[in-house]
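Chemist: Structure supplied as entry37.pdb; contents: PDB, C-alpha atoms and all ligand atoms.
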```pdb
ATOM      1  CA  MET O 251      69.791  -1.918 -55.361
ATOM      2  CA  THR O 252      67.526  -2.862 -52.444
ATOM      3  CA  ALA O 253      63.742  -2.699 -52.281
ATOM      4  CA  GLY O 254      63.971   0.135 -49.736
ATOM      5  CA  GLU O 255      66.301   2.203 -51.936
ATOM      6  CA  LEU O 256      64.108   1.685 -54.997
ATOM      7  CA  LEU O 257      61.039   2.679 -53.046
ATOM      8  CA  GLY O 258      62.704   5.829 -51.700
ATOM      9  CA  ARG O 259      63.760   6.945 -55.185
ATOM     10  CA  ALA O 260      60.316   6.239 -56.598
ATOM     11  CA  VAL O 261      58.587   8.254 -53.870
ATOM     12  CA  ALA O 262      60.862  11.207 -54.690
ATOM     13  CA  ARG O 263      60.009  10.886 -58.423
ATOM     14  CA  LEU O 264      56.246  10.680 -57.786
ATOM     15  CA  ARG O 265      56.042  13.597 -55.356
ATOM     16  CA  ILE O 266      55.453  16.034 -58.217
ATOM     17  CA  ILE O 267      51.999  14.563 -58.860
ATOM     18  CA  ARG O 268      49.465  16.570 -56.892
ATOM     19  CA  GLY O 269      46.703  14.795 -54.994
ATOM     20  CA  ILE O 270      48.223  11.312 -54.819
ATOM     21  CA  ASP O 271      49.944   9.340 -52.071
ATOM     22  CA  PRO O 272      53.371   8.738 -53.671
ATOM     23  CA  PHE O 273      54.355   6.157 -51.081
ATOM     24  CA  LEU O 274      51.221   4.118 -51.604
ATOM     25  CA  GLU O 275      51.505   4.232 -55.390
ATOM     26  CA  ALA O 276      55.210   3.359 -55.349
ATOM     27  CA  ARG O 277      54.474   0.400 -53.111
ATOM     28  CA  VAL O 278      51.680  -0.824 -55.383
ATOM     29  CA  LEU O 279      54.019  -0.596 -58.378
ATOM     30  CA  LEU O 280      56.808  -2.404 -56.552
ATOM     31  CA  ARG O 281      54.431  -5.175 -55.557
ATOM     32  CA  ARG O 282      53.261  -5.621 -59.122
ATOM     33  CA  THR O 283      56.521  -5.202 -61.048
ATOM     34  CA  ALA O 284      58.940  -6.943 -58.665
ATOM     35  CA  GLY O 285      56.524  -9.453 -57.156
ATOM     36  CA  PHE O 286      57.047  -8.235 -53.573
ATOM     37  CA  THR O 287      54.403  -8.577 -50.879
ATOM     38  CA  ASP O 288      53.775  -5.673 -48.496
ATOM     39  CA  LEU O 289      55.382  -7.715 -45.704
ATOM     40  CA  GLU O 290      58.539  -8.196 -47.772
ATOM     41  CA  ILE O 291      58.657  -4.498 -48.622
ATOM     42  CA  PHE O 292      58.483  -3.495 -44.958
ATOM     43  CA  ALA O 293      60.272  -6.331 -43.179
ATOM     44  CA  PHE O 294      63.017  -7.012 -45.745
ATOM     45  CA  SER O 295      63.526  -3.593 -47.292
ATOM     46  CA  ASP O 296      67.283  -4.271 -47.527
ATOM     47  CA  ARG O 297      66.644  -7.256 -49.778
ATOM     48  CA  PRO O 298      68.300  -6.804 -53.190
ATOM     49  CA  VAL O 299      66.049  -6.573 -56.240
ATOM     50  CA  THR O 300      67.117  -8.205 -59.506
ATOM     51  CA  ALA O 301      68.252  -5.833 -62.256
ATOM     52  CA  THR O 302      65.340  -6.894 -64.475
ATOM     53  CA  ALA O 303      62.727  -6.261 -61.783
ATOM     54  CA  ALA O 304      64.356  -2.928 -60.886
ATOM     55  CA  ARG O 305      64.206  -1.845 -64.553
ATOM     56  CA  ARG O 306      60.557  -2.899 -64.811
ATOM     57  CA  PHE O 307      59.763  -0.954 -61.651
ATOM     58  CA  SER O 308      61.601   2.188 -62.787
ATOM     59  CA  ARG O 309      59.806   2.098 -66.149
ATOM     60  CA  ALA O 310      56.452   1.881 -64.359
ATOM     61  CA  VAL O 311      57.390   4.772 -62.053
ATOM     62  CA  GLU O 312      58.344   6.933 -65.046
ATOM     63  CA  GLU O 313      55.059   6.085 -66.762
ATOM     64  CA  ARG O 314      53.203   7.173 -63.636
ATOM     65  CA  ARG O 315      55.303  10.360 -63.504
ATOM     66  CA  GLY O 316      54.061  10.978 -67.075
ATOM     67  CA  ARG O 317      50.527  10.872 -65.533
ATOM     68  CA  VAL O 318      49.548   7.474 -66.912
ATOM     69  CA  PRO O 319      46.847   6.403 -64.428
ATOM     70  CA  LEU O 320      47.901   3.638 -62.069
ATOM     71  CA  ALA O 321      45.110   1.363 -63.303
ATOM     72  CA  TYR O 322      46.433   1.480 -66.891
ATOM     73  CA  ILE O 323      49.942   0.620 -65.712
ATOM     74  CA  LEU O 324      48.646  -2.262 -63.609
ATOM     75  CA  ARG O 325      46.126  -3.121 -66.363
ATOM     76  CA  GLU O 326      43.555  -3.689 -63.667
ATOM     77  CA  LYS O 327      40.986  -1.930 -61.500
ATOM     78  CA  GLU O 328      38.672  -3.418 -58.941
ATOM     79  CA  PHE O 329      34.957  -2.744 -59.324
ATOM     80  CA  TRP O 330      32.260  -4.244 -57.081
ATOM     81  CA  SER O 331      35.142  -6.291 -55.569
ATOM     82  CA  ILE O 332      35.794  -7.846 -58.995
ATOM     83  CA  PRO O 333      39.182  -7.309 -60.669
ATOM     84  CA  MET O 334      38.519  -5.785 -64.088
ATOM     85  CA  THR O 335      41.080  -5.729 -66.860
ATOM     86  CA  VAL O 336      41.444  -2.206 -68.245
ATOM     87  CA  SER O 337      43.307  -0.608 -71.133
ATOM     88  CA  PRO O 338      43.444   2.977 -72.431
ATOM     89  CA  ALA O 339      40.532   2.014 -74.719
ATOM     90  CA  VAL O 340      38.179   2.097 -71.740
ATOM     91  CA  LEU O 341      37.242   4.411 -68.908
ATOM     92  CA  ILE O 342      38.725   3.276 -65.603
ATOM     93  CA  PRO O 343      35.745   2.116 -63.518
ATOM     94  CA  ARG O 344      34.972   4.627 -60.756
ATOM     95  CA  PRO O 345      33.854   3.638 -57.249
ATOM     96  CA  GLU O 346      30.827   5.953 -57.445
ATOM     97  CA  THR O 347      29.455   3.864 -60.322
ATOM     98  CA  GLU O 348      28.908   1.012 -57.865
ATOM     99  CA  LEU O 349      25.786   2.974 -56.850
ATOM    100  CA  LEU O 350      24.321   2.006 -60.236
ATOM    101  CA  VAL O 351      24.869  -1.677 -59.442
ATOM    102  CA  GLU O 352      23.217  -1.244 -56.021
ATOM    103  CA  ARG O 353      20.188   0.481 -57.514
ATOM    104  CA  ALA O 354      19.937  -1.993 -60.389
ATOM    105  CA  LEU O 355      19.894  -4.911 -57.944
ATOM    106  CA  ALA O 356      17.221  -3.180 -55.882
ATOM    107  CA  LEU O 357      15.055  -2.690 -58.985
ATOM    108  CA  THR O 358      15.335  -6.062 -60.710
ATOM    109  CA  GLY O 359      12.379  -7.951 -59.342
ATOM    110  CA  THR O 360      12.085 -10.826 -61.777
ATOM    111  CA  ALA O 361      14.382 -13.818 -61.419
ATOM    112  CA  GLU O 362      15.402 -13.615 -65.078
ATOM    113  CA  PRO O 363      15.363  -9.937 -66.012
ATOM    114  CA  LEU O 364      16.339  -8.676 -69.420
ATOM    115  CA  ILE O 365      18.855  -5.864 -68.907
ATOM    116  CA  ILE O 366      20.310  -3.568 -71.560
ATOM    117  CA  GLU O 367      23.475  -1.648 -70.815
ATOM    118  CA  ILE O 368      24.360   1.325 -73.024
ATOM    119  CA  GLY O 369      28.073   2.254 -73.089
ATOM    120  CA  THR O 370      29.626  -0.708 -71.338
ATOM    121  CA  GLY O 371      33.304   0.373 -71.585
ATOM    122  CA  SER O 372      35.342  -2.184 -69.605
ATOM    123  CA  GLY O 373      32.128  -4.155 -69.066
ATOM    124  CA  CYS O 374      32.322  -3.510 -65.314
ATOM    125  CA  LEU O 375      28.586  -2.894 -64.851
ATOM    126  CA  ALA O 376      27.480  -5.743 -67.086
ATOM    127  CA  VAL O 377      29.893  -8.194 -65.441
ATOM    128  CA  ALA O 378      28.940  -7.129 -61.896
ATOM    129  CA  LEU O 379      25.236  -7.510 -62.742
ATOM    130  CA  ALA O 380      25.792 -10.807 -64.530
ATOM    131  CA  LYS O 381      27.565 -12.224 -61.496
ATOM    132  CA  GLU O 382      24.921 -10.973 -59.067
ATOM    133  CA  LEU O 383      22.033 -12.065 -61.292
ATOM    134  CA  PRO O 384      23.057 -15.331 -62.986
ATOM    135  CA  GLY O 385      19.489 -15.717 -64.314
ATOM    136  CA  ALA O 386      19.558 -12.344 -66.064
ATOM    137  CA  ARG O 387      20.038 -11.881 -69.778
ATOM    138  CA  ILE O 388      22.215  -8.860 -70.434
ATOM    139  CA  ILE O 389      22.797  -7.048 -73.712
ATOM    140  CA  ALA O 390      25.741  -4.643 -73.397
ATOM    141  CA  THR O 391      26.586  -2.096 -76.083
ATOM    142  CA  ASP O 392      29.327   0.371 -76.889
ATOM    143  CA  ILE O 393      30.209   2.553 -79.839
ATOM    144  CA  SER O 394      33.882   1.654 -79.403
ATOM    145  CA  ARG O 395      34.936  -1.708 -80.833
ATOM    146  CA  ARG O 396      38.156  -1.561 -78.849
ATOM    147  CA  ALA O 397      36.203  -1.103 -75.634
ATOM    148  CA  LEU O 398      33.961  -4.030 -76.510
ATOM    149  CA  ARG O 399      37.003  -6.273 -76.843
ATOM    150  CA  VAL O 400      38.073  -5.348 -73.297
ATOM    151  CA  ALA O 401      34.522  -5.936 -72.029
ATOM    152  CA  GLU O 402      34.389  -9.328 -73.733
ATOM    153  CA  ALA O 403      37.712 -10.252 -72.142
ATOM    154  CA  ASN O 404      36.348  -9.315 -68.712
ATOM    155  CA  ALA O 405      33.204 -11.378 -69.252
ATOM    156  CA  ALA O 406      35.367 -14.359 -70.266
ATOM    157  CA  ARG O 407      37.740 -13.783 -67.340
ATOM    158  CA  HIS O 408      34.843 -13.933 -64.894
ATOM    159  CA  GLY O 409      32.941 -16.706 -66.639
ATOM    160  CA  THR O 410      29.766 -14.716 -67.180
ATOM    161  CA  GLY O 411      28.027 -16.499 -70.032
ATOM    162  CA  ASN O 412      24.853 -14.386 -69.863
ATOM    163  CA  ILE O 413      26.104 -11.190 -71.536
ATOM    164  CA  ARG O 414      25.873 -10.473 -75.245
ATOM    165  CA  PHE O 415      28.008  -7.585 -76.502
ATOM    166  CA  VAL O 416      26.955  -5.510 -79.503
ATOM    167  CA  GLY O 417      28.559  -2.485 -81.138
ATOM    168  CA  GLY O 418      26.836   0.688 -82.293
ATOM    169  CA  ASP O 419      25.615   4.183 -81.519
ATOM    170  CA  LEU O 420      23.353   4.147 -78.434
ATOM    171  CA  PHE O 421      20.076   2.317 -79.215
ATOM    172  CA  GLY O 422      21.159   1.867 -82.835
ATOM    173  CA  ALA O 423      23.274  -1.052 -81.594
ATOM    174  CA  LEU O 424      20.058  -2.943 -80.772
ATOM    175  CA  ARG O 425      18.582  -2.740 -84.259
ATOM    176  CA  GLY O 426      17.342  -6.110 -85.478
ATOM    177  CA  LEU O 427      17.645  -7.841 -82.096
ATOM    178  CA  GLY O 428      13.882  -7.807 -81.452
ATOM    179  CA  LEU O 429      14.239  -6.220 -78.007
ATOM    180  CA  GLU O 430      11.555  -3.538 -78.425
ATOM    181  CA  GLY O 431       9.202  -3.469 -75.414
ATOM    182  CA  ARG O 432      11.040  -6.330 -73.692
ATOM    183  CA  ALA O 433      13.655  -4.937 -71.289
ATOM    184  CA  ASP O 434      13.043  -4.822 -67.551
ATOM    185  CA  LEU O 435      15.912  -2.415 -67.066
ATOM    186  CA  ILE O 436      18.191  -0.180 -69.096
ATOM    187  CA  VAL O 437      21.335   0.847 -67.270
ATOM    188  CA  SER O 438      23.912   3.381 -68.377
ATOM    189  CA  ASN O 439      26.828   5.427 -67.152
ATOM    190  CA  PRO O 440      26.896   7.702 -70.194
ATOM    191  CA  PRO O 441      29.385  10.448 -71.024
ATOM    192  CA  TYR O 442      28.120  13.549 -69.161
ATOM    193  CA  VAL O 443      31.111  15.904 -68.953
ATOM    194  CA  THR O 444      30.880  19.202 -70.859
ATOM    195  CA  ASP O 445      33.507  20.301 -73.392
ATOM    196  CA  GLY O 446      34.483  23.078 -70.937
ATOM    197  CA  GLU O 447      34.800  20.750 -67.929
ATOM    198  CA  TRP O 448      37.016  18.409 -69.932
ATOM    199  CA  LYS O 449      39.674  21.111 -70.218
ATOM    200  CA  ARG O 450      39.787  21.413 -66.422
ATOM    201  CA  LEU O 451      40.126  17.696 -65.651
ATOM    202  CA  THR O 452      43.445  16.375 -64.314
ATOM    203  CA  ARG O 453      46.198  15.453 -66.762
ATOM    204  CA  ASP O 454      45.781  11.778 -65.841
ATOM    205  CA  VAL O 455      42.246  11.859 -67.229
ATOM    206  CA  ARG O 456      42.657  14.330 -70.107
ATOM    207  CA  GLU O 457      45.788  12.834 -71.545
ATOM    208  CA  HIS O 458      45.064   9.146 -71.029
ATOM    209  CA  GLU O 459      41.384   8.271 -70.675
ATOM    210  CA  PRO O 460      39.197   8.137 -73.809
ATOM    211  CA  ARG O 461      37.535  11.529 -74.345
ATOM    212  CA  ARG O 462      34.530   9.893 -75.966
ATOM    213  CA  ALA O 463      33.854   7.944 -72.765
ATOM    214  CA  LEU O 464      33.537  11.129 -70.733
ATOM    215  CA  VAL O 465      32.513  14.066 -72.888
ATOM    216  CA  SER O 466      28.969  14.422 -74.118
ATOM    217  CA  GLY O 467      29.097  17.869 -75.778
ATOM    218  CA  PRO O 468      28.632  21.542 -74.904
ATOM    219  CA  THR O 469      25.993  20.945 -72.176
ATOM    220  CA  GLY O 470      26.976  17.503 -70.861
ATOM    221  CA  LEU O 471      23.345  16.427 -71.281
ATOM    222  CA  GLU O 472      23.383  15.396 -74.937
ATOM    223  CA  MET O 473      23.738  11.633 -74.328
ATOM    224  CA  ILE O 474      21.297  11.611 -71.419
ATOM    225  CA  ARG O 475      18.697  13.368 -73.590
ATOM    226  CA  ARG O 476      19.108  10.670 -76.242
ATOM    227  CA  LEU O 477      18.701   7.963 -73.587
ATOM    228  CA  ALA O 478      15.493   9.625 -72.333
ATOM    229  CA  VAL O 479      14.091   9.773 -75.863
ATOM    230  CA  GLY O 480      15.187   6.321 -77.053
ATOM    231  CA  GLY O 481      14.737   4.261 -73.877
ATOM    232  CA  PRO O 482      10.936   3.880 -73.774
ATOM    233  CA  ARG O 483      10.924   1.925 -77.029
ATOM    234  CA  PHE O 484      12.883  -0.934 -75.454
ATOM    235  CA  LEU O 485      11.287  -1.106 -72.000
ATOM    236  CA  LYS O 486       8.367  -3.191 -70.805
ATOM    237  CA  PRO O 487       5.512  -1.215 -69.214
ATOM    238  CA  GLY O 488       6.748  -0.460 -65.684
ATOM    239  CA  GLY O 489      10.378  -0.971 -66.733
ATOM    240  CA  ALA O 490      13.083   1.458 -65.641
ATOM    241  CA  LEU O 491      16.028   3.340 -67.051
ATOM    242  CA  LEU O 492      18.815   3.829 -64.545
ATOM    243  CA  LEU O 493      21.636   6.223 -65.236
ATOM    244  CA  GLU O 494      24.540   8.000 -63.600
ATOM    245  CA  PHE O 495      24.883  11.764 -64.042
ATOM    246  CA  GLY O 496      27.239  14.474 -62.886
ATOM    247  CA  ALA O 497      27.135  16.275 -59.551
ATOM    248  CA  GLY O 498      25.120  19.447 -60.172
ATOM    249  CA  GLN O 499      23.088  18.050 -63.094
ATOM    250  CA  THR O 500      20.111  16.821 -61.020
ATOM    251  CA  ALA O 501      17.464  19.363 -62.030
ATOM    252  CA  ALA O 502      18.481  19.373 -65.686
ATOM    253  CA  VAL O 503      18.508  15.573 -65.870
ATOM    254  CA  ARG O 504      15.123  15.237 -64.139
ATOM    255  CA  GLY O 505      13.754  17.764 -66.604
ATOM    256  CA  LEU O 506      14.633  15.470 -69.513
ATOM    257  CA  PHE O 507      12.378  12.695 -68.204
ATOM    258  CA  GLY O 508       8.884  14.120 -68.752
ATOM    259  CA  SER O 509       6.142  12.179 -70.605
ATOM    260  CA  PRO O 510       6.065   9.248 -71.444
ATOM    261  CA  TRP O 511       8.089   8.624 -68.295
ATOM    262  CA  ALA O 512       5.707   8.155 -65.364
ATOM    263  CA  ARG O 513       7.964   8.591 -62.351
ATOM    264  CA  ARG O 514      11.535   9.534 -61.443
ATOM    265  CA  GLU O 515      13.704   8.848 -58.397
ATOM    266  CA  THR O 516      17.229   9.972 -57.595
ATOM    267  CA  ALA O 517      19.754   8.174 -55.411
ATOM    268  CA  LYS O 518      22.601   9.851 -53.550
ATOM    269  CA  ASP O 519      26.253   8.846 -53.371
ATOM    270  CA  LEU O 520      28.165   8.405 -50.096
ATOM    271  CA  SER O 521      28.827  12.122 -49.857
ATOM    272  CA  GLY O 522      25.096  12.837 -50.110
ATOM    273  CA  ARG O 523      25.013  14.138 -53.684
ATOM    274  CA  PRO O 524      22.347  12.858 -56.118
ATOM    275  CA  ARG O 525      24.213  10.892 -58.810
ATOM    276  CA  VAL O 526      21.803   8.258 -60.137
ATOM    277  CA  LEU O 527      18.390   8.691 -61.695
ATOM    278  CA  ALA O 528      15.815   5.940 -62.090
ATOM    279  CA  ALA O 529      13.017   6.784 -64.521
ATOM    280  CA  PHE O 530      10.012   4.455 -64.736
ATOM    281  CA  LEU O 531       7.644   3.968 -67.655
TER
HETATM  282  C1  LIG Z 601      31.393   6.866 -68.893
HETATM  283  S1  LIG Z 601      31.883   5.503 -69.916
HETATM  284  C2  LIG Z 601      31.162   4.174 -68.973
HETATM  285  C3  LIG Z 601      31.903   2.871 -69.100
HETATM  286  C4  LIG Z 601      31.471   1.827 -68.071
HETATM  287  N1  LIG Z 601      30.080   1.477 -68.240
HETATM  288  C5  LIG Z 601      31.712   2.342 -66.661
HETATM  289  O1  LIG Z 601      30.742   2.673 -65.982
HETATM  290  O2  LIG Z 601      32.884   2.420 -66.240
HETATM  291  C6  LIG Z 601      30.811   5.703 -71.287
HETATM  292  C7  LIG Z 601      30.922   4.644 -72.368
HETATM  293  O3  LIG Z 601      29.973   4.987 -73.389
HETATM  294  C8  LIG Z 601      30.561   4.762 -74.639
HETATM  295  N2  LIG Z 601      29.892   5.647 -75.608
HETATM  296  C9  LIG Z 601      30.141   6.953 -75.870
HETATM  297  N3  LIG Z 601      29.313   7.400 -76.825
HETATM  298  C10 LIG Z 601      28.512   6.359 -77.168
HETATM  299  C11 LIG Z 601      27.474   6.200 -78.108
HETATM  300  N4  LIG Z 601      27.064   7.209 -78.869
HETATM  301  N5  LIG Z 601      26.897   4.978 -78.216
HETATM  302  C12 LIG Z 601      27.299   3.944 -77.429
HETATM  303  N6  LIG Z 601      28.290   4.034 -76.536
HETATM  304  C13 LIG Z 601      28.895   5.234 -76.391
HETATM  305  C14 LIG Z 601      32.027   5.058 -74.470
HETATM  306  O4  LIG Z 601      32.792   4.404 -75.467
HETATM  307  C15 LIG Z 601      32.276   4.550 -73.051
HETATM  308  O5  LIG Z 601      32.711   3.224 -73.064
END
```
Go ahead and express the file in the form of structure tokens.
Modeler:
Amino acid sequence: MTAGELLGRAVARLRIIRGIDPFLEARVLLRRTAGFTDLEIFAFSDRPVTATAARRFSRAVEERRGRVPLAYILREKEFWSIPMTVSPAVLIPRPETELLVERALALTGTAEPLIIEIGTGSGCLAVALAKELPGARIIATDISRRALRVAEANAARHGTGNIRFVGGDLFGALRGLGLEGRADLIVSNPPYVTDGEWKRLTRDVREHEPRRALVSGPTGLEMIRRLAVGGPRFLKPGGALLLEFGAGQTAAVRGLFGSPWARRETAKDLSGRPRVLAAFL
């Protein structure tokens, strides 16, 4: 079979998935599984594909038809222009989370800040910050051991020697590390989806991404409340906690950061919605 024929069949198979560009996704899969470049796909679409590559491609297309997210099939997702290895043990990094990196870079004044990340998942935030701030010391935590293994692999892949990964429940992971009162910045993209919202997410997310990475509980604010309560213990005076929250949660999230927090700021995403809160001690 030729590349063009394979592509045509794949597009027909992927059309049932609402909200995607089947042609784009089929092309990405063909590139990855058969080693074609875009130029080869377009200019030499009558080129025959080996039986092995065609089988690999068809398997990938069927996985996608079963709503496995493209990033899990490719085992990779770009974040902050850095290719991150992903597996179903971790949330697929979202472009909107790059706002956290932007804000973190704007806030880290010292040349060698101490940064704590809570809920590192693939390690995308920690790795992006480690690359941007080679003088920083970063402690990244997660409750999921499987996620931490992916994060460690990403740190090794990108040669970031300044991240230490520790497992445990929120700030409990930091017990015994002597970090109390020492962090310049705590950064987190915590789970903030409600149990009810989870049921309405797309099949791609519900059936394949880790529920624990997304769902916080009945209100969606449970994890953020715990961050607001536990964060001050680890920050220096004047230090900040920076977190992502859901569209529509602004007032509720701000309300969680009363005393001892001194000041709060929100930052908006590209579509103008507040999505990141910085709270200062
Ligand atoms: C929304 S994901 C964020 C992952 C990654 N930082 C990102 O932005 O793509 C939340 C992460 O928090 C972790 N997590 C959930 N509950 C936790 C808890 N109680 N303590 C520590 N980590 C937790 C999940 O395993 C998941 O990796």
Chemist: Show me which residues line ligand LIG 601 (chain Z), defined as having an atom within 9 Å of a ligand atom where all atoms listed in the file count, and present them as JSON, numbers by chain.
Modeler: {"O": [329, 339, 340, 341, 342, 343, 344, 347, 348, 350, 367, 368, 369, 370, 371, 372, 373, 374, 375, 376, 391, 392, 393, 394, 395, 396, 397, 398, 417, 418, 419, 420, 421, 422, 423, 437, 438, 439, 440, 441, 442, 460, 461, 462, 463, 464, 465, 466, 473, 494]}
Chemist: Select, counting all atoms listed in the file, all protein, DNA and RNA residues no farther than 12 Å from (57.8, -5.8, -46.5) in file coordinates, and express the selection as a ChimeraX atom specification.
Modeler: /O:252-254,257,277-278,280-281,285-297
Chemist: How many Å lie between atom CA of Arg282 of chain O and atom CA of Phe307 of chain O, rounded to one decimal?
Modeler: 8.4 Å
Chemist: What gap, in Å, lies between atom CA of Arg387 of chain O and atom CA of Arg425 of chain O?
Modeler: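 Computing it gives 17.2 Å between the two atoms.
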Chemist: Might you spell out which residues the PyMOL selection byres (((chain O and resi 301) around 12) and not hetatm) would select in the displayed file, as a list of chain:residue names?
Modeler: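 Taken on the displayed file, the PyMOL selection byres (((chain O and resi 301) around 12) and not hetatm) yields the residues O:Met251, O:Thr252, O:Ala253, O:Leu256, O:Thr283, O:Ala284, O:Pro298, O:Val299, O:Thr300, O:Thr302, O:Ala303, O:Ala304, O:Arg305, O:Arg306, O:Phe307, O:Ser308.
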Chemist: For the point (15.5, 11.6, -54.7) in the file's frame, write as a tab-separated table (two decimals) with C-alpha atoms, in the frame of the given file all residues with an atom no more than 12 Å away, counting all atoms listed in the file.
Modeler:
```
chain	number	residue	atom	x	y	z
O	500	THR	CA	20.11	16.82	-61.02
O	501	ALA	CA	17.46	19.36	-62.03
O	504	ARG	CA	15.12	15.24	-64.14
O	513	ARG	CA	7.96	8.59	-62.35
O	514	ARG	CA	11.54	9.53	-61.44
O	515	GLU	CA	13.70	8.85	-58.40
O	516	THR	CA	17.23	9.97	-57.60
O	517	ALA	CA	19.75	8.17	-55.41
O	518	LYS	CA	22.60	9.85	-53.55
O	519	ASP	CA	26.25	8.85	-53.37
O	522	GLY	CA	25.10	12.84	-50.11
O	523	ARG	CA	25.01	14.14	-53.68
O	524	PRO	CA	22.35	12.86	-56.12
O	525	ARG	CA	24.21	10.89	-58.81
O	526	VAL	CA	21.80	8.26	-60.14
O	527	LEU	CA	18.39	8.69	-61.70
O	528	ALA	CA	15.82	5.94	-62.09
O	529	ALA	CA	13.02	6.78	-64.52
```
Chemist: State, in Å with one decimal place, the distance from atom CA of Leu491 of chain O to atom CA of Trp511 of chain O.
Modeler: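 Value for the atom CA of Leu491 of chain O-atom CA of Trp511 of chain O distance: 9.6 Å.
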Chemist: Identify, on the basis of only C-alpha atoms, every residue whose closest approach to Arg475 of chain O does not exceed 10 Å; exclude the query and any residue fewer than 5 positions from it along the same chain; express the result as an MDAnalysis selection string.
Modeler: chainID O and resid 470 480:481 502:503 505:507
Chemist: Using all atoms listed in the file, can you tell me which of O:Arg476, O:His408, O:Arg456, O:Lys486 comes closest to Pro338 of chain O?
Modeler: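 Counting all atoms listed in the file, the residue closest to Pro338 of chain O is O:Arg456.
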Chemist: Using all atoms listed in the file, pick whichever of O:Ile366, O:Leu427, O:Val455, O:Gly496 has the shortest atom-to-atom distance to Leu477 of chain O.
Modeler: O:Ile366
Chemist: Which is closest to Gly269 of chain O among O:Gly446, O:Pro363, O:Arg453, O:His458, if we use all atoms listed in the file?
Modeler: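 Smallest distance to Gly269 of chain O is found for O:Arg453.
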Chemist: Excluding same-chain residues fewer than 3 positions from segment 354-356 of chain O, what lies within 9 Å of it counting all atoms listed in the file, as a PyMOL selection string?
Modeler: chain O and resi 349-351+359+379+382-383+435+437+492
Chemist: Just the residues within 8 Å of Val377 of chain O, please, counting only C-alpha atoms, with nothing from its chain fewer than 5 positions along; format it as a compact mmCIF listing (two decimals) with C-alpha atoms, in the coordinates of the input.
Modeler:
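Wrote it out as result26.txt, contents follow:
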```txt
# COMPACT_ATOMS: atom_id res chain seq x y z
CA ASN O 404 36.35 -9.32 -68.71
CA ALA O 405 33.20 -11.38 -69.25
CA HIS O 408 34.84 -13.93 -64.89
CA THR O 410 29.77 -14.72 -67.18
CA ILE O 413 26.10 -11.19 -71.54
```
